[in-house]
$ cat upload13.txt   # compact mmCIF, C-alpha atoms and all ligand atoms
# COMPACT_ATOMS: atom_id res chain seq x y z
CA MET A 287 24.12 6.58 -14.42
CA THR A 288 20.48 7.35 -14.92
CA ILE A 289 17.73 7.62 -12.38
CA LYS A 290 14.75 5.74 -13.75
CA THR A 291 11.06 6.12 -13.03
CA ILE A 292 9.77 3.55 -10.55
CA LEU A 293 6.44 2.06 -11.56
CA THR A 294 3.78 1.98 -8.88
CA GLU A 295 0.76 -0.22 -8.26
CA PRO A 296 -1.72 -0.49 -9.90
CA ASN A 297 0.30 -1.17 -13.04
CA LYS A 298 0.06 -4.31 -15.18
CA ILE A 299 3.79 -4.29 -15.92
CA LEU A 300 4.51 -4.97 -12.23
CA ARG A 301 2.48 -8.17 -12.59
CA GLN A 302 4.61 -9.59 -15.40
CA ILE A 303 6.87 -12.58 -14.82
CA SER A 304 10.46 -11.52 -15.50
CA LYS A 305 12.64 -13.50 -17.91
CA PRO A 306 16.00 -15.09 -17.08
CA VAL A 307 19.10 -13.21 -18.20
CA GLU A 308 21.07 -15.24 -20.75
CA ASN A 309 24.32 -13.36 -20.41
CA VAL A 310 25.49 -10.70 -17.97
CA GLY A 311 26.87 -8.17 -20.45
CA LYS A 312 27.39 -4.43 -20.68
CA GLU A 313 23.67 -3.76 -21.09
CA GLU A 314 22.81 -5.67 -17.92
CA GLN A 315 25.62 -3.98 -15.98
CA VAL A 316 24.44 -0.52 -17.05
CA LEU A 317 20.92 -1.51 -16.00
CA MET A 318 22.17 -2.70 -12.58
CA LYS A 319 24.04 0.57 -12.01
CA ASP A 320 20.98 2.58 -13.03
CA MET A 321 18.78 0.47 -10.75
CA LEU A 322 21.15 1.04 -7.83
CA GLU A 323 21.20 4.80 -8.42
CA THR A 324 17.40 4.80 -8.71
CA MET A 325 17.07 2.81 -5.49
CA TYR A 326 19.42 5.08 -3.52
CA HIS A 327 17.64 8.14 -4.88
CA ALA A 328 14.28 6.77 -3.74
CA LYS A 329 15.78 5.78 -0.35
CA GLY A 330 14.91 2.11 -0.81
CA ILE A 331 16.99 -0.90 0.20
CA GLY A 332 16.00 -3.15 -2.70
CA LEU A 333 14.79 -2.90 -6.27
CA ALA A 334 13.87 -5.40 -8.98
CA ALA A 335 14.30 -4.59 -12.69
CA ILE A 336 10.57 -4.91 -13.35
CA GLN A 337 10.01 -1.95 -11.02
CA VAL A 338 11.71 0.23 -13.63
CA GLY A 339 9.81 -1.56 -16.40
CA VAL A 340 12.45 -4.10 -17.43
CA PRO A 341 11.20 -7.72 -17.23
CA LYS A 342 14.60 -9.28 -16.47
CA ARG A 343 15.45 -11.39 -13.43
CA ILE A 344 17.73 -8.81 -11.84
CA ILE A 345 17.72 -7.45 -8.28
CA VAL A 346 19.83 -4.85 -6.52
CA LEU A 347 20.01 -4.53 -2.73
CA ASP A 348 21.83 -2.49 -0.15
CA ILE A 349 20.77 -3.12 3.40
CA SER A 350 23.64 -1.19 5.00
CA LYS A 351 21.92 1.68 6.69
CA GLU A 352 24.92 3.96 6.95
CA GLU A 353 24.97 6.68 4.34
CA ASN A 354 28.75 6.68 3.88
CA LYS A 355 29.27 2.92 3.93
CA LYS A 356 27.41 1.69 0.88
CA SER A 357 27.54 -2.01 0.16
CA PRO A 358 25.51 -2.78 -2.95
CA MET A 359 24.61 -6.35 -3.88
CA PHE A 360 23.57 -7.56 -7.33
CA PHE A 361 21.58 -10.71 -8.03
CA VAL A 362 20.97 -12.02 -11.54
CA ASN A 363 18.68 -15.04 -12.04
CA PRO A 364 18.41 -15.69 -8.29
CA VAL A 365 17.01 -19.04 -7.19
CA ILE A 366 16.15 -20.01 -3.64
CA LYS A 367 17.68 -23.40 -2.90
CA ASN A 368 16.52 -23.90 0.63
CA LYS A 369 14.11 -22.11 2.93
CA ASN A 370 13.95 -22.28 6.69
CA LEU A 371 10.60 -23.36 8.10
CA LYS A 372 10.95 -20.82 10.87
CA LEU A 373 9.34 -17.52 9.96
CA SER A 374 10.37 -14.01 10.78
CA THR A 375 8.21 -10.91 10.62
CA TYR A 376 9.13 -7.49 9.30
CA GLU A 377 7.04 -4.47 8.58
CA GLU A 378 7.51 -4.24 4.83
CA GLY A 379 7.09 -1.42 2.39
CA CYS A 380 7.85 -1.24 -1.31
CA LEU A 381 8.94 1.53 -3.69
CA SER A 382 6.14 0.37 -6.01
CA VAL A 383 3.55 0.60 -3.23
CA PRO A 384 4.40 4.06 -1.88
CA ASN A 385 3.69 4.96 1.75
CA GLN A 386 2.01 1.65 2.58
CA PHE A 387 3.38 -0.77 5.14
CA ALA A 388 2.32 -4.12 6.53
CA GLU A 389 3.73 -6.90 8.67
CA ILE A 390 4.66 -9.89 6.51
CA ASP A 391 5.90 -13.34 7.60
CA ARG A 392 8.57 -15.02 5.53
CA PRO A 393 11.09 -17.84 6.06
CA SER A 394 13.79 -16.46 8.35
CA GLU A 395 16.70 -17.98 6.44
CA CYS A 396 17.27 -18.97 2.85
CA ILE A 397 20.07 -20.06 0.56
CA VAL A 398 20.21 -18.18 -2.74
CA GLU A 399 22.04 -19.17 -5.89
CA TYR A 400 22.62 -16.37 -8.40
CA LEU A 401 25.00 -14.67 -10.81
CA ASP A 402 26.80 -11.60 -9.51
CA PHE A 403 27.58 -8.28 -11.27
CA ASN A 404 30.29 -10.00 -13.34
CA GLY A 405 28.15 -12.99 -14.23
CA GLU A 406 29.90 -15.30 -11.80
CA LYS A 407 27.90 -18.01 -10.08
CA LYS A 408 27.52 -17.45 -6.34
CA ILE A 409 25.76 -19.06 -3.43
CA LEU A 410 24.77 -17.07 -0.36
CA LYS A 411 23.24 -18.11 2.94
CA THR A 412 21.02 -15.32 4.17
CA LYS A 413 19.07 -14.60 7.30
CA GLY A 414 17.23 -11.76 8.99
CA LEU A 415 16.66 -8.57 7.02
CA LEU A 416 18.70 -9.76 4.04
CA ALA A 417 16.68 -12.98 3.73
CA THR A 418 13.42 -11.02 3.89
CA CYS A 419 14.60 -8.45 1.33
CA ILE A 420 15.74 -11.07 -1.14
CA GLN A 421 12.43 -12.89 -0.88
CA HIS A 422 10.49 -9.63 -1.28
CA GLU A 423 12.53 -8.74 -4.39
CA MET A 424 12.27 -12.26 -5.81
CA ASP A 425 8.50 -11.99 -5.51
CA HIS A 426 8.72 -8.99 -7.87
CA LEU A 427 10.27 -11.29 -10.48
CA GLU A 428 7.08 -13.38 -10.31
CA GLY A 429 4.79 -10.34 -10.45
CA ILE A 430 3.97 -10.60 -6.75
CA LEU A 431 3.75 -7.62 -4.39
CA PHE A 432 3.77 -7.79 -0.58
CA ILE A 433 0.17 -6.57 -0.49
CA ASP A 434 -0.82 -9.85 -2.16
CA TYR A 435 -0.24 -11.53 1.22
CA LEU A 436 -2.83 -9.34 2.93
CA SER A 437 -6.55 -9.97 3.20
CA LYS A 438 -8.63 -9.10 0.13
CA LEU A 439 -10.17 -6.18 1.98
CA LYS A 440 -6.87 -4.69 3.15
CA LYS A 441 -5.35 -5.14 -0.29
CA SER A 442 -8.23 -3.50 -2.13
CA MET A 443 -8.18 -0.57 0.32
CA ILE A 444 -4.50 -0.01 -0.38
CA ILE A 445 -4.96 -0.24 -4.14
CA LYS A 446 -7.85 2.22 -3.97
CA LYS A 447 -5.71 4.67 -2.02
CA LEU A 448 -2.85 4.32 -4.49
CA SER A 449 -5.16 4.80 -7.47
CA LYS A 450 -6.44 8.03 -5.95
CA GLN A 451 -2.89 9.29 -5.33
CA LYS A 452 -2.05 8.42 -8.91
CA ASP A 453 -5.03 10.33 -10.26
CA LYS A 454 -3.81 13.38 -8.40
CA VAL A 455 -0.31 13.06 -9.77
CA ASP A 456 -1.38 12.44 -13.35
CA ARG A 457 -3.98 15.17 -13.60
CA ILE A 458 -2.54 18.32 -15.13
CA VAL A 459 -4.13 21.36 -16.68
CA VAL A 460 -1.96 23.26 -19.11
NI NI A 501 9.20 -4.03 -3.51
$ encode --input "upload13.txt" --output "structure tokens" --more "lines below"
Ligand code: NI
Amino acid sequence: MTIKTILTEPNKILRQISKPVENVGKEEQVLMKDMLETMYHAKGIGLAAIQVGVPKRIIVLDISKEENKKSPMFFVNPVIKNKNLKLSTYEEGCLSVPNQFAEIDRPSECIVEYLDFNGEKKILKTKGLLATCIQHEMDHLEGILFIDYLSKLKKSMIIKKLSKQKDKVDRIVV
């Protein structure tokens, strides 16, 4: 398994709309394993393929917080079938928006249809943290980041901060 580089905002690739996967084959399974490894390494609980630069509709999640009880989930071509009107609020962060957090409201329950790691069609009723995570990750597939839900001012402040951090990281003298 390979740990991949996670792209961070601002980056145009993160704004791409990801394409549906036609067939869950070896290549996709290797990608999913790499994504999972990358996510664990970065101490995240969810990752979309576009965050490692691959515009495919693939998500990995693991919301089990215990270190020794991993329970990875894989979602290929996920579609939300039904959303609850009731909202729940979590303070969200994102591996592509490092060190920034904000309270975001999302439907508290949703039903997701998807293909699993083996390409089998599944349907899952989710609520709470899992529902929020899936919706956050599915936004990535549309090129949407959680900061897009904030006010223009808040969002531009965050992007400015991230750009500055990036400048620092990229600047080398050799
Ligand atoms: Ni994210």
$ closest_atom_pairs --input "upload13.txt" --of "chain A" --to "ligand NI 501 (chain A)" --cutoff "6 Å" --atoms "only C-alpha atoms and all ligand atoms" --output "CSV"
residue,atom,partner,partner_atom,distance
A:Cys380,CA,A:NI501,NI,3.8
A:Leu381,CA,A:NI501,NI,5.6
A:Ser382,CA,A:NI501,NI,5.9
A:Glu423,CA,A:NI501,NI,5.8
$ write_last_selection --input "upload13.txt" --atoms "C-alpha atoms" --output "PDB file, in the coordinates of the input"
ATOM      1  CA  CYS A 380       7.850  -1.240  -1.310  1.00  0.00           C
ATOM      2  CA  LEU A 381       8.940   1.530  -3.690  1.00  0.00           C
ATOM      3  CA  SER A 382       6.140   0.370  -6.010  1.00  0.00           C
ATOM      4  CA  GLU A 423      12.530  -8.740  -4.390  1.00  0.00           C
TER       5      GLU A 423
END
$ residues_around --input "upload13.txt" --residues "Ser357 of chain A" --least-positions-apart "3" --cutoff "8 Å" --atoms "only C-alpha atoms" --output "MDAnalysis selection string"
chainID A and resid 348:350
$ residues_near_point --input "upload13.txt" --point "(19.9, -14.6, 7.0)" --cutoff "12 Å" --atoms "all atoms listed in the file" --output "ChimeraX atom specification"
/A:368-370,372-374,392-398,410-421
$ closest_residue --input "upload13.txt" --among "A:Leu347, A:Leu401, A:Ile433, A:Leu293" --to "Gly379 of chain A" --atoms "all atoms listed in the file"
A:Ile433
$ closest_residue --input "upload13.txt" --among "A:Gln337, A:Ile331, A:Ile344, A:Met318" --to "Thr291 of chain A" --atoms "all atoms listed in the file"
A:Gln337
$ closest_residue --input "upload13.txt" --among "A:Asp320, A:Asp434, A:Glu399, A:Glu406" --to "Asn363 of chain A" --atoms "all atoms listed in the file"
A:Glu399
$ closest_residue --input "upload13.txt" --among "A:Gly332, A:Val362, A:Tyr326, A:Asn297" --to "Phe403 of chain A" --atoms "all atoms listed in the file"
A:Val362
$ closest_residue --input "upload13.txt" --among "A:Ile345, A:Glu295, A:Asn354, A:Asp453" --to "Phe432 of chain A" --atoms "all atoms listed in the file"
A:Glu295
$ closest_residue --input "upload13.txt" --among "A:Lys356, A:Lys351, A:Lys452, A:Lys298" --to "Glu323 of chain A" --atoms "all atoms listed in the file"
A:Lys356
$ residues_around --input "upload13.txt" --residues "Lys305 of chain A" --least-positions-apart "4" --cutoff "12 Å" --atoms "only C-alpha atoms" --output "mmCIF file with C-alpha atoms, keeping the file's coordinate frame"
data_model
loop_
_atom_site.group_PDB
_atom_site.id
_atom_site.type_symbol
_atom_site.label_atom_id
_atom_site.label_comp_id
_atom_site.auth_asym_id
_atom_site.auth_seq_id
_atom_site.Cartn_x
_atom_site.Cartn_y
_atom_site.Cartn_z
ATOM 1 C CA ASN A 309 24.320 -13.360 -20.410
ATOM 2 C CA ALA A 335 14.300 -4.590 -12.690
ATOM 3 C CA ILE A 336 10.570 -4.910 -13.350
ATOM 4 C CA VAL A 340 12.450 -4.100 -17.430
ATOM 5 C CA PRO A 341 11.200 -7.720 -17.230
ATOM 6 C CA LYS A 342 14.600 -9.280 -16.470
ATOM 7 C CA ARG A 343 15.450 -11.390 -13.430
ATOM 8 C CA ILE A 344 17.730 -8.810 -11.840
ATOM 9 C CA VAL A 362 20.970 -12.020 -11.540
ATOM 10 C CA ASN A 363 18.680 -15.040 -12.040
ATOM 11 C CA PRO A 364 18.410 -15.690 -8.290
ATOM 12 C CA HIS A 426 8.720 -8.990 -7.870
ATOM 13 C CA LEU A 427 10.270 -11.290 -10.480
ATOM 14 C CA GLU A 428 7.080 -13.380 -10.310
ATOM 15 C CA GLY A 429 4.790 -10.340 -10.450
#
$ atom_distance --input "upload13.txt" --atom1 "atom CA of Gln386 of chain A" --atom2 "atom CA of Lys447 of chain A"
9.5 Å
$ atom_distance --input "upload13.txt" --atom1 "atom CA of Glu377 of chain A" --atom2 "atom CA of Gln302 of chain A"
24.6 Å
$ atom_distance --input "upload13.txt" --atom1 "atom CA of Ala334 of chain A" --atom2 "atom CA of Lys450 of chain A"
24.5 Å
$ decode --input "upload13.txt" --residues "segment 295-309 of chain A" --atoms "all heavy atoms" --output "compact mmCIF listing (two decimals), in the first residue's frame"
# COMPACT_ATOMS: atom_id res chain seq x y z
N GLU A 295 -6.49 22.83 -0.25
CA GLU A 295 -7.05 24.07 -0.77
C GLU A 295 -6.05 25.21 -0.58
O GLU A 295 -5.39 25.23 0.47
CB GLU A 295 -8.37 24.33 -0.01
CG GLU A 295 -9.05 25.62 -0.30
CD GLU A 295 -9.87 25.59 -1.59
OE1 GLU A 295 -9.69 24.68 -2.41
OE2 GLU A 295 -10.66 26.50 -1.76
N PRO A 296 -5.88 26.17 -1.46
CA PRO A 296 -6.52 26.23 -2.77
C PRO A 296 -5.82 25.35 -3.81
O PRO A 296 -4.61 25.40 -3.94
CB PRO A 296 -6.38 27.71 -3.15
CG PRO A 296 -5.20 28.22 -2.37
CD PRO A 296 -5.07 27.36 -1.17
N ASN A 297 -6.63 24.55 -4.50
CA ASN A 297 -6.10 23.69 -5.56
C ASN A 297 -7.27 23.37 -6.50
O ASN A 297 -8.30 22.86 -6.06
CB ASN A 297 -5.54 22.41 -4.95
CG ASN A 297 -4.84 21.54 -5.98
OD1 ASN A 297 -5.32 21.36 -7.09
ND2 ASN A 297 -3.71 21.00 -5.60
N LYS A 298 -7.09 23.71 -7.77
CA LYS A 298 -8.19 23.55 -8.75
C LYS A 298 -8.67 22.11 -8.87
O LYS A 298 -9.85 21.88 -9.17
CB LYS A 298 -7.72 24.06 -10.12
CG LYS A 298 -7.90 25.55 -10.26
CD LYS A 298 -7.60 25.98 -11.68
CE LYS A 298 -7.58 27.50 -11.74
NZ LYS A 298 -6.65 27.99 -12.76
N ILE A 299 -7.76 21.17 -8.67
CA ILE A 299 -8.14 19.75 -8.81
C ILE A 299 -9.25 19.40 -7.82
O ILE A 299 -10.19 18.67 -8.15
CB ILE A 299 -6.91 18.84 -8.61
CG1 ILE A 299 -5.91 19.09 -9.75
CG2 ILE A 299 -7.31 17.36 -8.56
CD1 ILE A 299 -4.56 18.42 -9.57
N LEU A 300 -9.18 19.97 -6.62
CA LEU A 300 -10.20 19.69 -5.59
C LEU A 300 -11.59 20.17 -6.02
O LEU A 300 -12.60 19.76 -5.44
CB LEU A 300 -9.81 20.36 -4.28
CG LEU A 300 -8.63 19.74 -3.52
CD1 LEU A 300 -8.23 20.65 -2.37
CD2 LEU A 300 -8.98 18.35 -3.01
N ARG A 301 -11.62 21.05 -7.01
CA ARG A 301 -12.89 21.62 -7.47
C ARG A 301 -13.49 20.87 -8.66
O ARG A 301 -14.55 21.22 -9.17
CB ARG A 301 -12.69 23.10 -7.82
CG ARG A 301 -12.23 23.96 -6.63
CD ARG A 301 -13.10 23.70 -5.44
NE ARG A 301 -12.91 24.65 -4.34
CZ ARG A 301 -13.79 24.80 -3.38
NH1 ARG A 301 -14.89 24.08 -3.38
NH2 ARG A 301 -13.57 25.64 -2.40
N GLN A 302 -12.78 19.83 -9.11
CA GLN A 302 -13.28 19.03 -10.23
C GLN A 302 -14.47 18.17 -9.79
O GLN A 302 -14.56 17.78 -8.62
CB GLN A 302 -12.20 18.05 -10.69
CG GLN A 302 -11.18 18.65 -11.62
CD GLN A 302 -10.19 17.59 -12.09
OE1 GLN A 302 -10.51 16.41 -12.16
NE2 GLN A 302 -8.99 18.02 -12.40
N ILE A 303 -15.33 17.85 -10.75
CA ILE A 303 -16.41 16.90 -10.48
C ILE A 303 -15.89 15.51 -10.85
O ILE A 303 -15.40 15.30 -11.95
CB ILE A 303 -17.68 17.26 -11.26
CG1 ILE A 303 -18.21 18.61 -10.74
CG2 ILE A 303 -18.72 16.16 -11.15
CD1 ILE A 303 -19.41 19.15 -11.47
N SER A 304 -15.96 14.59 -9.90
CA SER A 304 -15.42 13.25 -10.12
C SER A 304 -16.34 12.42 -11.00
O SER A 304 -17.55 12.60 -11.00
CB SER A 304 -15.20 12.55 -8.77
OG SER A 304 -14.23 13.24 -8.02
N LYS A 305 -15.72 11.51 -11.75
CA LYS A 305 -16.48 10.68 -12.71
C LYS A 305 -16.88 9.33 -12.10
O LYS A 305 -16.13 8.75 -11.31
CB LYS A 305 -15.63 10.43 -13.94
CG LYS A 305 -15.32 11.70 -14.71
CD LYS A 305 -15.06 11.39 -16.18
CE LYS A 305 -15.00 12.67 -16.98
NZ LYS A 305 -13.80 13.47 -16.69
N PRO A 306 -18.05 8.83 -12.52
CA PRO A 306 -18.49 7.52 -12.01
C PRO A 306 -17.49 6.42 -12.40
O PRO A 306 -16.87 6.49 -13.45
CB PRO A 306 -19.82 7.29 -12.72
CG PRO A 306 -20.28 8.62 -13.18
CD PRO A 306 -19.05 9.44 -13.41
N VAL A 307 -17.38 5.42 -11.55
CA VAL A 307 -16.53 4.27 -11.81
C VAL A 307 -17.35 3.26 -12.62
O VAL A 307 -18.47 2.93 -12.24
CB VAL A 307 -16.08 3.63 -10.48
CG1 VAL A 307 -15.34 2.33 -10.71
CG2 VAL A 307 -15.23 4.63 -9.70
N GLU A 308 -16.81 2.80 -13.75
CA GLU A 308 -17.58 1.88 -14.59
C GLU A 308 -17.53 0.46 -14.06
O GLU A 308 -18.47 -0.31 -14.18
CB GLU A 308 -17.05 1.93 -16.02
CG GLU A 308 -17.61 3.14 -16.77
CD GLU A 308 -17.05 3.27 -18.16
OE1 GLU A 308 -16.66 2.24 -18.74
OE2 GLU A 308 -17.00 4.40 -18.65
N ASN A 309 -16.38 0.11 -13.49
CA ASN A 309 -16.19 -1.25 -13.04
C ASN A 309 -15.23 -1.24 -11.86
O ASN A 309 -14.19 -0.61 -11.92
CB ASN A 309 -15.61 -2.06 -14.22
CG ASN A 309 -15.22 -3.44 -13.82
OD1 ASN A 309 -15.97 -4.12 -13.12
ND2 ASN A 309 -14.02 -3.86 -14.22
